[in-house]
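Peer 1: Provided herewith is a single structure, encoded as structure tokens, for subsequent inquiry.
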Amino acid sequence: MLDEVEIRLRLLEDWGYPFRKDENGDTLRTHLHGPEYMKLMRRAVRKAGVRILDQSPALELLADEHGVGGARGIDRLTGRTWEVRAHAVVVATGGCTFLSKGLGCNVLTGEGLLMSAEAGAELSGMEFSRQYAPSYADGSVTRGRMLAWSTLYDASGRPIHAGGSHLRQLAQAAAGGAGLRLHRPGGYG
């Protein structure tokens, strides 16, 4: 998993995402700033020929005996409805963690999952419906940002990642087969 994260973060950097640099000039790939990330993704999908419907939520998937072939929704700015037909539909609306108290999760209300179920989809693997990174067992932060300040130890108690901010260090440690456990200051690890 960490190897794939590193590959995808390098791809974002290649596309022009403005990651911060440390004091040595090395890229810090610990955090994505939402507006910068969205600007980059909008540029990438427009370049691929995708038309973006801003402020236009999908309200239902369009299905027939052959499967799902489109969606219908409303443009909130004009009040007009829209309909899109397609050979394939990818539901990428996020999971359902509404009011979970996880940092940044309170807006994931599961509309895409509901539309999919209404169109006849069978849902499985719901425990993977939201990105959760290695995090503290008792914490509400479920994203990898906190790893920038964490120390990770192998099963014998030897530090393998000491508060650094490069995910590649974690990927290298994981590739070496080391068992990881998180440590919080004050001995709560």
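Note on naming: chains are A, B, ... as they come in the structure tokens, residues start from 1 per chain, ligands start from 1 in the order shown.
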Mind dumping a table of every region 66-103 of chain A residue within 7 Å of region 52-62 of chain A, with the nearest atom pair and its distance in Å to one decimal, using only C-alpha atoms, sorted by chain and rising number, as a Markdown table?

Peer 2:
```
| residue | atom | partner | partner_atom | distance |
| --- | --- | --- | --- | --- |
| A:Val68 | CA | A:Leu62 | CA | 5.6 |
| A:Gly69 | CA | A:Leu62 | CA | 5.8 |
| A:Gly70 | CA | A:Leu62 | CA | 4.9 |
| A:Ala71 | CA | A:Leu61 | CA | 4.2 |
| A:Arg72 | CA | A:Glu60 | CA | 5.4 |
| A:Gly73 | CA | A:Ala58 | CA | 4.1 |
| A:Ile74 | CA | A:Ser56 | CA | 5.3 |
| A:Asp75 | CA | A:Ser56 | CA | 4.2 |
| A:Arg76 | CA | A:Gln55 | CA | 5.6 |
| A:Leu77 | CA | A:Gln55 | CA | 6.7 |
```

Peer 1: Just to be explicit: take each residue in the selection above, keep N, CA, C and O atoms, and write the result as a CSV table (one decimal), in the first residue's frame.

Peer 2:
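Just written: out.csv:
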```
chain,number,residue,atom,x,y,z
A,68,VAL,N,-25.8,0.2,-16.0
A,68,VAL,CA,-25.8,1.6,-15.7
A,68,VAL,C,-25.1,2.3,-16.9
A,68,VAL,O,-24.0,1.9,-17.3
A,69,GLY,N,-25.8,3.3,-17.5
A,69,GLY,CA,-25.3,4.0,-18.7
A,69,GLY,C,-25.4,5.5,-18.6
A,69,GLY,O,-25.6,6.1,-19.6
A,70,GLY,N,-25.4,6.0,-17.4
A,70,GLY,CA,-25.5,7.5,-17.3
A,70,GLY,C,-26.0,7.9,-15.9
A,70,GLY,O,-26.1,7.1,-15.0
A,71,ALA,N,-26.2,9.2,-15.8
A,71,ALA,CA,-26.7,9.8,-14.6
A,71,ALA,C,-27.5,11.0,-14.9
A,71,ALA,O,-27.4,11.6,-16.0
A,72,ARG,N,-28.3,11.4,-13.9
A,72,ARG,CA,-29.2,12.6,-14.0
A,72,ARG,C,-29.0,13.3,-12.7
A,72,ARG,O,-28.8,12.8,-11.6
A,73,GLY,N,-29.0,14.7,-12.8
A,73,GLY,CA,-28.9,15.5,-11.7
A,73,GLY,C,-29.4,16.9,-11.9
A,73,GLY,O,-30.2,17.1,-12.9
A,74,ILE,N,-29.0,17.8,-11.1
A,74,ILE,CA,-29.5,19.2,-11.2
A,74,ILE,C,-28.3,20.2,-11.1
A,74,ILE,O,-27.4,20.0,-10.3
A,75,ASP,N,-28.4,21.2,-11.8
A,75,ASP,CA,-27.4,22.3,-11.8
A,75,ASP,C,-27.9,23.3,-10.7
A,75,ASP,O,-29.0,23.9,-10.8
A,76,ARG,N,-27.3,23.3,-9.6
A,76,ARG,CA,-27.8,24.1,-8.4
A,76,ARG,C,-27.7,25.6,-8.7
A,76,ARG,O,-28.4,26.4,-8.1
A,77,LEU,N,-26.9,26.1,-9.7
A,77,LEU,CA,-26.8,27.5,-10.0
A,77,LEU,C,-27.9,28.0,-10.8
A,77,LEU,O,-28.4,29.1,-10.7
```

Peer 1: Residues within 12 Å of Arg20 (chain A), please, as a list in words. Count only C-alpha atoms; anything in the same chain fewer than 6 positions from it doesn't count.

Peer 2: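 So the residues in contact are Glu13, Asp26, Thr27, Leu28, Arg29, Thr30, His31, Leu32, His33, Ser165 and His166 of chain A.
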
Peer 1: Fewer than 2 positions away in the same chain doesn't count, so skip those; otherwise give me all residues within 12 Å of Ser116 (chain A), counting only C-alpha atoms, as a ChimeraX atom specification.

Peer 2: /A:58-63,67-68,70-71,89-93,95,110-114,118-124

Peer 1: Store the residues picked out above in a file with N, CA and C atoms, as a CSV table (one decimal), in the first residue's frame.

Peer 2:
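Dumped to selection.csv:
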```csv
chain,number,residue,atom,x,y,z
A,58,ALA,N,-25.2,14.7,-9.0
A,58,ALA,CA,-26.0,13.6,-9.5
A,58,ALA,C,-27.0,13.2,-8.5
A,59,LEU,N,-28.2,13.0,-9.0
A,59,LEU,CA,-29.3,12.5,-8.1
A,59,LEU,C,-29.7,11.1,-8.3
A,60,GLU,N,-29.4,10.6,-9.5
A,60,GLU,CA,-29.7,9.2,-9.8
A,60,GLU,C,-28.9,8.7,-10.9
A,61,LEU,N,-28.6,7.4,-10.9
A,61,LEU,CA,-27.9,6.7,-12.0
A,61,LEU,C,-29.0,6.2,-12.9
A,62,LEU,N,-28.7,6.2,-14.2
A,62,LEU,CA,-29.6,5.7,-15.3
A,62,LEU,C,-29.2,4.3,-15.7
A,63,ALA,N,-30.1,3.4,-15.4
A,63,ALA,CA,-29.9,2.0,-15.7
A,63,ALA,C,-31.0,1.4,-16.6
A,67,GLY,N,-27.3,-2.5,-17.9
A,67,GLY,CA,-26.5,-2.0,-16.8
A,67,GLY,C,-26.7,-0.4,-16.7
A,68,VAL,N,-25.8,0.2,-16.0
A,68,VAL,CA,-25.8,1.6,-15.7
A,68,VAL,C,-25.1,2.3,-16.9
A,70,GLY,N,-25.4,6.0,-17.4
A,70,GLY,CA,-25.5,7.5,-17.3
A,70,GLY,C,-26.0,7.9,-15.9
A,71,ALA,N,-26.2,9.2,-15.8
A,71,ALA,CA,-26.7,9.8,-14.6
A,71,ALA,C,-27.5,11.0,-14.9
A,89,VAL,N,-19.9,4.1,-16.3
A,89,VAL,CA,-20.1,5.0,-15.2
A,89,VAL,C,-19.2,4.6,-14.0
A,90,VAL,N,-18.4,5.5,-13.6
A,90,VAL,CA,-17.5,5.3,-12.4
A,90,VAL,C,-18.1,6.1,-11.3
A,91,VAL,N,-18.5,5.5,-10.2
A,91,VAL,CA,-19.0,6.2,-9.0
A,91,VAL,C,-17.8,6.5,-8.1
A,92,ALA,N,-17.4,7.7,-8.0
A,92,ALA,CA,-16.2,8.1,-7.2
A,92,ALA,C,-16.6,9.2,-6.3
A,93,THR,N,-17.6,9.0,-5.5
A,93,THR,CA,-18.1,10.0,-4.6
A,93,THR,C,-17.6,10.0,-3.2
A,95,GLY,N,-16.8,7.6,0.4
A,95,GLY,CA,-17.5,6.6,1.3
A,95,GLY,C,-18.6,7.2,2.1
A,110,GLY,N,-22.4,9.4,1.7
A,110,GLY,CA,-22.7,8.2,1.1
A,110,GLY,C,-23.7,8.3,-0.1
A,111,GLU,N,-24.0,9.4,-0.7
A,111,GLU,CA,-24.9,9.5,-1.7
A,111,GLU,C,-24.6,8.6,-2.9
A,112,GLY,N,-23.3,8.6,-3.3
A,112,GLY,CA,-22.9,7.7,-4.4
A,112,GLY,C,-23.2,6.2,-4.1
A,113,LEU,N,-23.0,5.8,-2.9
A,113,LEU,CA,-23.3,4.4,-2.5
A,113,LEU,C,-24.8,4.2,-2.6
A,114,LEU,N,-25.6,5.2,-2.1
A,114,LEU,CA,-27.0,5.0,-2.2
A,114,LEU,C,-27.5,4.9,-3.6
A,118,GLU,N,-29.5,1.8,-5.3
A,118,GLU,CA,-30.8,2.0,-5.9
A,118,GLU,C,-30.8,1.5,-7.3
A,119,ALA,N,-29.6,1.5,-8.0
A,119,ALA,CA,-29.5,1.1,-9.4
A,119,ALA,C,-29.2,-0.4,-9.4
A,120,GLY,N,-29.1,-1.1,-8.3
A,120,GLY,CA,-29.0,-2.5,-8.2
A,120,GLY,C,-27.6,-3.1,-7.9
A,121,ALA,N,-26.7,-2.2,-7.5
A,121,ALA,CA,-25.3,-2.6,-7.2
A,121,ALA,C,-25.3,-3.4,-5.9
A,122,GLU,N,-24.5,-4.4,-5.8
A,122,GLU,CA,-24.3,-5.1,-4.5
A,122,GLU,C,-23.1,-4.5,-3.9
A,123,LEU,N,-23.2,-4.0,-2.7
A,123,LEU,CA,-22.1,-3.3,-2.0
A,123,LEU,C,-21.3,-4.3,-1.1
A,124,SER,N,-20.0,-4.3,-1.2
A,124,SER,CA,-19.2,-5.1,-0.4
A,124,SER,C,-17.9,-4.3,0.0
```

Peer 1: May I ask for the distance between CA of Gly16 (chain A) and CA of Arg46 (chain A), given in Å to one decimal place?

Peer 2: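 So the answer is 15.0 Å.
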
Peer 1: If we count only C-alpha atoms and set the cut-off at 12 Å, which residues sit around Pro35 (chain A), ignoring sequence neighbours fewer than 4 positions away in its own chain? Please answer as a short mmCIF file (atom, residue, chain, number, x, y, z; two decimals) with N, CA and C atoms, in the first residue's frame.

Peer 2:
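Result file is part.cif:
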```cif
data_model
loop_
_atom_site.label_atom_id
_atom_site.label_comp_id
_atom_site.auth_asym_id
_atom_site.auth_seq_id
_atom_site.Cartn_x
_atom_site.Cartn_y
_atom_site.Cartn_z
N TYR A 17 1.98 19.25 -9.03
CA TYR A 17 1.50 19.59 -7.70
C TYR A 17 2.62 20.27 -6.92
N PRO A 18 2.32 21.41 -6.27
CA PRO A 18 3.38 22.17 -5.58
C PRO A 18 3.68 21.68 -4.17
N LYS A 39 -7.36 21.86 -8.21
CA LYS A 39 -6.95 22.63 -9.39
C LYS A 39 -6.16 21.75 -10.35
N LEU A 40 -5.26 20.96 -9.81
CA LEU A 40 -4.45 20.05 -10.62
C LEU A 40 -5.32 18.98 -11.28
N MET A 41 -6.24 18.38 -10.52
CA MET A 41 -7.09 17.33 -11.07
C MET A 41 -8.04 17.88 -12.13
N ARG A 42 -8.56 19.07 -11.92
CA ARG A 42 -9.43 19.69 -12.92
C ARG A 42 -8.66 19.90 -14.23
#
```

Peer 1: Using DSSP on the backbone, list every residue of region 43-77 of chain A that comes out as strand (DSSP E), and give them as a list in words.

Peer 2: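 Here is the list: Ala58, Leu59, Glu60, Leu61, Leu62, Ala63, Asp64, Gly67, Val68, Gly69, Gly70, Ala71, Arg72, Gly73 and Ile74 of chain A.
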